[in-house]
file protein.cif (mmCIF, N, CA, C and O atoms)
data_my_file
loop_
_atom_site.label_atom_id
_atom_site.label_comp_id
_atom_site.auth_asym_id
_atom_site.auth_seq_id
_atom_site.Cartn_x
_atom_site.Cartn_y
_atom_site.Cartn_z
N MET S 1 137.63 96.06 75.13
CA MET S 1 136.43 96.86 75.21
C MET S 1 135.86 97.10 73.81
O MET S 1 134.68 97.40 73.69
N GLY S 2 136.69 96.92 72.80
CA GLY S 2 136.24 97.13 71.43
C GLY S 2 135.10 96.21 71.03
O GLY S 2 134.13 96.64 70.41
N ARG S 3 135.23 94.93 71.41
CA ARG S 3 134.16 93.98 71.07
C ARG S 3 132.86 94.34 71.76
O ARG S 3 131.78 94.24 71.16
N LEU S 4 132.96 94.76 73.03
CA LEU S 4 131.75 95.15 73.75
C LEU S 4 131.13 96.38 73.13
O LEU S 4 129.91 96.45 72.96
N ALA S 5 131.95 97.34 72.78
CA ALA S 5 131.45 98.56 72.14
C ALA S 5 130.75 98.21 70.83
O ALA S 5 129.65 98.69 70.55
N ASP S 6 131.39 97.37 70.04
CA ASP S 6 130.80 96.97 68.76
C ASP S 6 129.51 96.18 68.97
O ASP S 6 128.51 96.42 68.31
N GLY S 7 129.54 95.24 69.91
CA GLY S 7 128.39 94.38 70.16
C GLY S 7 127.19 95.12 70.72
O GLY S 7 126.05 94.71 70.52
N THR S 8 127.44 96.19 71.46
CA THR S 8 126.34 96.94 72.07
C THR S 8 126.03 98.24 71.33
O THR S 8 125.12 98.96 71.71
N ARG S 9 126.84 98.50 70.30
CA ARG S 9 126.70 99.74 69.52
C ARG S 9 126.81 100.98 70.41
O ARG S 9 126.08 101.95 70.25
N ARG S 10 127.72 100.89 71.36
CA ARG S 10 128.00 102.02 72.23
C ARG S 10 129.47 102.38 72.07
O ARG S 10 130.29 101.53 71.75
N SER S 11 129.78 103.63 72.34
CA SER S 11 131.18 104.06 72.20
C SER S 11 132.01 103.55 73.37
O SER S 11 131.49 103.26 74.45
N ARG S 12 133.29 103.46 73.12
CA ARG S 12 134.20 103.05 74.20
C ARG S 12 134.14 104.05 75.35
O ARG S 12 134.19 103.65 76.51
N SER S 13 134.03 105.33 75.04
CA SER S 13 133.99 106.33 76.10
C SER S 13 132.71 106.20 76.93
O SER S 13 132.74 106.37 78.15
N PHE S 14 131.60 105.86 76.30
CA PHE S 14 130.36 105.63 77.03
C PHE S 14 130.52 104.45 77.98
O PHE S 14 130.15 104.52 79.16
N LEU S 15 131.08 103.36 77.49
CA LEU S 15 131.27 102.16 78.32
C LEU S 15 132.25 102.45 79.46
O LEU S 15 132.03 102.00 80.59
N ALA S 16 133.30 103.21 79.18
CA ALA S 16 134.26 103.55 80.23
C ALA S 16 133.58 104.42 81.30
O ALA S 16 133.79 104.20 82.50
N ALA S 17 132.78 105.37 80.89
CA ALA S 17 132.08 106.23 81.85
C ALA S 17 131.12 105.40 82.70
O ALA S 17 131.02 105.62 83.92
N GLU S 18 130.42 104.47 82.09
CA GLU S 18 129.52 103.60 82.84
C GLU S 18 130.28 102.74 83.85
O GLU S 18 129.83 102.56 84.97
N ALA S 19 131.43 102.23 83.45
CA ALA S 19 132.24 101.41 84.34
C ALA S 19 132.73 102.23 85.53
O ALA S 19 132.68 101.77 86.68
N VAL S 20 133.19 103.44 85.27
CA VAL S 20 133.66 104.30 86.36
C VAL S 20 132.51 104.65 87.29
O VAL S 20 132.65 104.60 88.52
N GLU S 21 131.34 104.96 86.74
CA GLU S 21 130.19 105.30 87.57
C GLU S 21 129.78 104.12 88.46
O GLU S 21 129.51 104.29 89.66
N THR S 22 129.78 102.93 87.91
CA THR S 22 129.44 101.74 88.68
C THR S 22 130.45 101.51 89.80
O THR S 22 130.08 101.21 90.95
N TYR S 23 131.73 101.68 89.48
CA TYR S 23 132.78 101.52 90.48
C TYR S 23 132.62 102.54 91.61
O TYR S 23 132.66 102.18 92.78
N VAL S 24 132.41 103.79 91.26
CA VAL S 24 132.26 104.84 92.27
C VAL S 24 131.04 104.58 93.14
O VAL S 24 131.11 104.71 94.36
N ASP S 25 129.93 104.20 92.53
CA ASP S 25 128.71 103.90 93.31
C ASP S 25 128.96 102.77 94.30
O ASP S 25 128.54 102.84 95.46
N ARG S 26 129.67 101.73 93.86
CA ARG S 26 129.96 100.60 94.75
C ARG S 26 130.87 101.02 95.89
O ARG S 26 130.64 100.67 97.05
N GLU S 27 131.89 101.79 95.59
CA GLU S 27 132.81 102.25 96.63
C GLU S 27 132.10 103.16 97.63
O GLU S 27 132.34 103.07 98.84
N LEU S 28 131.22 104.03 97.15
CA LEU S 28 130.46 104.90 98.05
C LEU S 28 129.55 104.08 98.96
O LEU S 28 129.41 104.39 100.15
N ALA S 29 128.94 103.04 98.42
CA ALA S 29 128.08 102.17 99.23
C ALA S 29 128.90 101.48 100.32
O ALA S 29 128.44 101.34 101.45
N ILE S 30 130.12 101.08 100.00
CA ILE S 30 130.99 100.44 100.98
C ILE S 30 131.34 101.43 102.08
O ILE S 30 131.25 101.11 103.28
N ILE S 31 131.70 102.65 101.70
CA ILE S 31 132.05 103.68 102.68
C ILE S 31 130.85 103.99 103.58
O ILE S 31 130.99 104.10 104.80
N GLU S 32 129.66 104.10 102.99
CA GLU S 32 128.46 104.37 103.79
C GLU S 32 128.19 103.23 104.77
O GLU S 32 127.79 103.47 105.92
N GLY S 33 128.40 102.01 104.35
CA GLY S 33 128.22 100.86 105.25
C GLY S 33 129.19 100.89 106.41
O GLY S 33 128.83 100.61 107.56
N ILE S 34 130.42 101.25 106.12
CA ILE S 34 131.43 101.36 107.18
C ILE S 34 131.04 102.46 108.15
O ILE S 34 131.12 102.29 109.38
N GLU S 35 130.60 103.59 107.62
CA GLU S 35 130.19 104.71 108.49
C GLU S 35 129.01 104.32 109.37
O GLU S 35 128.97 104.67 110.55
N ARG S 36 128.04 103.57 108.81
CA ARG S 36 126.91 103.10 109.62
C ARG S 36 127.39 102.16 110.72
O ARG S 36 126.94 102.21 111.86
N GLY S 37 128.33 101.29 110.37
CA GLY S 37 128.88 100.37 111.36
C GLY S 37 129.60 101.10 112.48
O GLY S 37 129.45 100.75 113.66
N LEU S 38 130.38 102.10 112.13
CA LEU S 38 131.08 102.88 113.15
C LEU S 38 130.11 103.62 114.04
O LEU S 38 130.31 103.70 115.26
N ALA S 39 129.02 104.13 113.46
CA ALA S 39 127.99 104.81 114.26
C ALA S 39 127.34 103.82 115.22
O ALA S 39 127.06 104.16 116.37
N ASP S 40 127.11 102.60 114.76
CA ASP S 40 126.53 101.57 115.63
C ASP S 40 127.48 101.27 116.80
O ASP S 40 127.03 101.13 117.94
N VAL S 41 128.76 101.17 116.52
CA VAL S 41 129.73 100.91 117.59
C VAL S 41 129.71 102.05 118.60
O VAL S 41 129.66 101.83 119.81
N GLU S 42 129.75 103.28 118.10
CA GLU S 42 129.75 104.44 118.99
C GLU S 42 128.48 104.49 119.85
O GLU S 42 128.53 104.92 121.00
N ALA S 43 127.35 104.05 119.29
CA ALA S 43 126.07 104.09 120.01
C ALA S 43 125.86 102.84 120.87
O ALA S 43 124.84 102.72 121.55
N GLY S 44 126.81 101.92 120.83
CA GLY S 44 126.68 100.71 121.63
C GLY S 44 125.73 99.68 121.04
O GLY S 44 125.29 98.77 121.73
N ARG S 45 125.41 99.81 119.76
CA ARG S 45 124.52 98.85 119.11
C ARG S 45 125.35 97.71 118.51
O ARG S 45 125.46 97.56 117.30
N THR S 46 125.93 96.91 119.40
CA THR S 46 126.77 95.81 118.95
C THR S 46 126.36 94.53 119.67
O THR S 46 125.66 94.57 120.68
N VAL S 47 126.81 93.41 119.14
CA VAL S 47 126.58 92.10 119.73
C VAL S 47 127.94 91.43 119.83
O VAL S 47 128.75 91.50 118.91
N SER S 48 128.19 90.76 120.94
CA SER S 48 129.48 90.09 121.09
C SER S 48 129.59 88.95 120.08
O SER S 48 128.58 88.41 119.58
N HIS S 49 130.81 88.56 119.80
CA HIS S 49 131.05 87.45 118.87
C HIS S 49 130.39 86.18 119.39
O HIS S 49 129.75 85.45 118.62
N GLU S 50 130.51 85.95 120.68
CA GLU S 50 129.93 84.75 121.27
C GLU S 50 128.40 84.72 121.10
O GLU S 50 127.83 83.69 120.74
N ASP S 51 127.74 85.85 121.35
CA ASP S 51 126.29 85.92 121.19
C ASP S 51 125.88 85.74 119.73
O ASP S 51 124.90 85.06 119.41
N ALA S 52 126.65 86.34 118.83
CA ALA S 52 126.34 86.21 117.40
C ALA S 52 126.48 84.77 116.96
O ALA S 52 125.62 84.24 116.24
N MET S 53 127.56 84.11 117.39
CA MET S 53 127.78 82.71 117.00
C MET S 53 126.72 81.80 117.61
O MET S 53 126.28 80.84 116.96
N ALA S 54 126.27 82.09 118.82
CA ALA S 54 125.21 81.30 119.43
C ALA S 54 123.93 81.41 118.61
O ALA S 54 123.24 80.41 118.38
N SER S 55 123.64 82.60 118.13
CA SER S 55 122.45 82.80 117.29
C SER S 55 122.57 82.05 115.97
O SER S 55 121.61 81.45 115.49
N VAL S 56 123.76 82.09 115.39
CA VAL S 56 123.99 81.37 114.13
C VAL S 56 123.82 79.88 114.33
O VAL S 56 123.15 79.19 113.55
N ARG S 57 124.44 79.36 115.38
CA ARG S 57 124.31 77.92 115.66
C ARG S 57 122.86 77.53 115.89
O ARG S 57 122.40 76.49 115.43
N GLN S 58 122.13 78.38 116.59
CA GLN S 58 120.71 78.11 116.87
C GLN S 58 119.91 78.08 115.56
O GLN S 58 119.07 77.19 115.35
N ALA S 59 120.20 78.99 114.66
CA ALA S 59 119.50 79.03 113.37
C ALA S 59 119.84 77.80 112.54
O ALA S 59 118.97 77.21 111.89
N ILE S 60 121.10 77.39 112.56
CA ILE S 60 121.51 76.20 111.82
C ILE S 60 120.83 74.96 112.39
O ILE S 60 120.31 74.12 111.64
N ASP S 61 120.82 74.86 113.71
CA ASP S 61 120.16 73.71 114.35
C ASP S 61 118.67 73.68 114.02
O ASP S 61 118.11 72.62 113.72
N ALA S 62 118.03 74.84 114.05
CA ALA S 62 116.59 74.91 113.74
C ALA S 62 116.33 74.49 112.29
O ALA S 62 115.40 73.77 111.99
N ALA S 63 117.19 74.94 111.39
CA ALA S 63 117.03 74.60 109.97
C ALA S 63 117.28 73.11 109.73
O ALA S 63 116.66 72.50 108.86
N ALA S 64 118.15 72.53 110.54
CA ALA S 64 118.47 71.11 110.38
C ALA S 64 117.48 70.22 111.13
O ALA S 64 117.56 69.01 111.05
N GLY S 65 116.59 70.84 111.91
CA GLY S 65 115.61 70.08 112.65
C GLY S 65 116.15 69.52 113.95
O GLY S 65 115.54 68.65 114.55
N SER S 66 117.26 70.06 114.41
CA SER S 66 117.87 69.59 115.65
C SER S 66 117.15 70.22 116.84
O SER S 66 116.59 71.30 116.75
N THR S 67 117.19 69.55 117.98
CA THR S 67 116.54 70.09 119.19
C THR S 67 117.56 70.58 120.19
O THR S 67 117.22 70.86 121.33
N THR S 68 118.85 70.67 119.81
CA THR S 68 119.88 71.14 120.75
C THR S 68 120.01 72.62 120.73
O THR S 68 119.62 73.30 119.86
#
call {"tool": "encode", "arguments": {"input": "protein.cif", "output": "structure tokens"}}
result
Amino acid sequence: MGRLADGTRRSRSFLAAEAVETYVDRELAIIEGIERGLADVEAGRTVSHEDAMASVRQAIDAAAGSTT
């Protein structure tokens, strides 16, 4: 971290605080996404694996110019 601190003219403690803040923000975003997903499951806003895969295959076929 010394080279980065020297190269950016920032203190090691500043860089460490920024790294921790970035990590915490990312982890909170992950938790919020999981909570949204759980709320969707509870509300019945889900799609079966088979239906999802059919949609994916259809999109791939359309992008490839296939008519199947």
call {"tool": "atom_distance", "arguments": {"input": "protein.cif", "atom1": "CA of Ser48 (chain S)", "atom2": "CA of Ala64 (chain S)"}}
result
24.4 Å
call {"tool": "atom_distance", "arguments": {"input": "protein.cif", "atom1": "atom C of His49 (chain S)", "atom2": "atom C of Glu32 (chain S)"}}
result
22.6 Å
call {"tool": "select_by_dssp", "arguments": {"input": "protein.cif", "residues": "chain S", "states": "alpha helix (DSSP H)", "output": "MDAnalysis selection string"}}
result
chainID S and resid 2:8 12:42 49:64
call {"tool": "axis_aligned_box", "arguments": {"input": "protein.cif", "around": "region 16-27 of chain S", "padding_each_side": "5 Å", "output": "AutoDock Vina command-line options"}}
result
--center_x 131.4 --center_y 103.4 --center_z 89.0 --size_x 15.7 --size_y 15.6 --size_z 29.7
call {"tool": "atom_distance", "arguments": {"input": "protein.cif", "atom1": "atom O of Ile34 (chain S)", "atom2": "atom N of Thr46 (chain S)"}}
result
12.5 Å
call {"tool": "build_atoms", "arguments": {"input": "protein.cif", "residues": "region 39-50 of chain S", "atoms": "all heavy atoms", "output": "CSV table (one decimal), in the frame of the given file"}}
result
chain,number,residue,atom,x,y,z
S,39,ALA,N,129.0,104.1,113.5
S,39,ALA,CA,128.0,104.8,114.3
S,39,ALA,C,127.3,103.8,115.2
S,39,ALA,O,127.1,104.2,116.4
S,39,ALA,CB,127.0,105.5,113.4
S,40,ASP,N,127.1,102.6,114.8
S,40,ASP,CA,126.5,101.6,115.6
S,40,ASP,C,127.5,101.3,116.8
S,40,ASP,O,127.0,101.1,117.9
S,40,ASP,CB,126.3,100.3,114.8
S,40,ASP,CG,125.0,100.4,114.0
S,40,ASP,OD1,124.2,101.3,114.2
S,40,ASP,OD2,124.9,99.6,113.0
S,41,VAL,N,128.8,101.2,116.5
S,41,VAL,CA,129.7,100.9,117.6
S,41,VAL,C,129.7,102.0,118.6
S,41,VAL,O,129.7,101.8,119.8
S,41,VAL,CB,131.1,100.7,117.0
S,41,VAL,CG1,132.2,100.7,118.1
S,41,VAL,CG2,131.2,99.4,116.2
S,42,GLU,N,129.8,103.3,118.1
S,42,GLU,CA,129.8,104.4,119.0
S,42,GLU,C,128.5,104.5,119.8
S,42,GLU,O,128.5,104.9,121.0
S,42,GLU,CB,129.9,105.7,118.2
S,42,GLU,CG,131.3,105.9,117.6
S,42,GLU,CD,131.4,107.2,116.8
S,42,GLU,OE1,130.6,108.2,117.1
S,42,GLU,OE2,132.3,107.3,116.0
S,43,ALA,N,127.4,104.0,119.3
S,43,ALA,CA,126.1,104.1,120.0
S,43,ALA,C,125.9,102.8,120.9
S,43,ALA,O,124.8,102.7,121.6
S,43,ALA,CB,124.9,104.2,119.0
S,44,GLY,N,126.8,101.9,120.8
S,44,GLY,CA,126.7,100.7,121.6
S,44,GLY,C,125.7,99.7,121.0
S,44,GLY,O,125.3,98.8,121.7
S,45,ARG,N,125.4,99.8,119.8
S,45,ARG,CA,124.5,98.8,119.1
S,45,ARG,C,125.4,97.7,118.5
S,45,ARG,O,125.5,97.6,117.3
S,45,ARG,CB,123.7,99.5,118.0
S,45,ARG,CG,122.7,100.6,118.5
S,45,ARG,CD,121.9,101.2,117.4
S,45,ARG,NE,122.7,101.8,116.4
S,45,ARG,CZ,122.9,103.2,116.3
S,45,ARG,NH1,122.3,104.0,117.2
S,45,ARG,NH2,123.6,103.7,115.3
S,46,THR,N,125.9,96.9,119.4
S,46,THR,CA,126.8,95.8,119.0
S,46,THR,C,126.4,94.5,119.7
S,46,THR,O,125.7,94.6,120.7
S,46,THR,CB,128.3,96.1,119.2
S,46,THR,OG1,128.4,96.3,120.6
S,46,THR,CG2,128.7,97.3,118.5
S,47,VAL,N,126.8,93.4,119.1
S,47,VAL,CA,126.6,92.1,119.7
S,47,VAL,C,127.9,91.4,119.8
S,47,VAL,O,128.8,91.5,118.9
S,47,VAL,CB,125.6,91.3,118.8
S,47,VAL,CG1,125.5,89.9,119.3
S,47,VAL,CG2,124.3,91.9,118.7
S,48,SER,N,128.2,90.8,120.9
S,48,SER,CA,129.5,90.1,121.1
S,48,SER,C,129.6,89.0,120.1
S,48,SER,O,128.6,88.4,119.6
S,48,SER,CB,129.6,89.5,122.5
S,48,SER,OG,128.8,88.4,122.7
S,49,HIS,N,130.8,88.6,119.8
S,49,HIS,CA,131.0,87.4,118.9
S,49,HIS,C,130.4,86.2,119.4
S,49,HIS,O,129.8,85.4,118.6
S,49,HIS,CB,132.6,87.2,118.7
S,49,HIS,CG,132.9,86.1,117.9
S,49,HIS,ND1,132.8,86.1,116.5
S,49,HIS,CD2,133.3,84.8,118.2
S,49,HIS,CE1,133.1,84.9,116.0
S,49,HIS,NE2,133.5,84.1,117.0
S,50,GLU,N,130.5,86.0,120.7
S,50,GLU,CA,129.9,84.8,121.3
S,50,GLU,C,128.4,84.7,121.1
S,50,GLU,O,127.8,83.7,120.7
S,50,GLU,CB,130.3,84.6,122.8
S,50,GLU,CG,131.8,84.4,123.0
S,50,GLU,CD,132.6,85.6,122.9
S,50,GLU,OE1,132.1,86.8,122.9
S,50,GLU,OE2,133.9,85.5,122.7
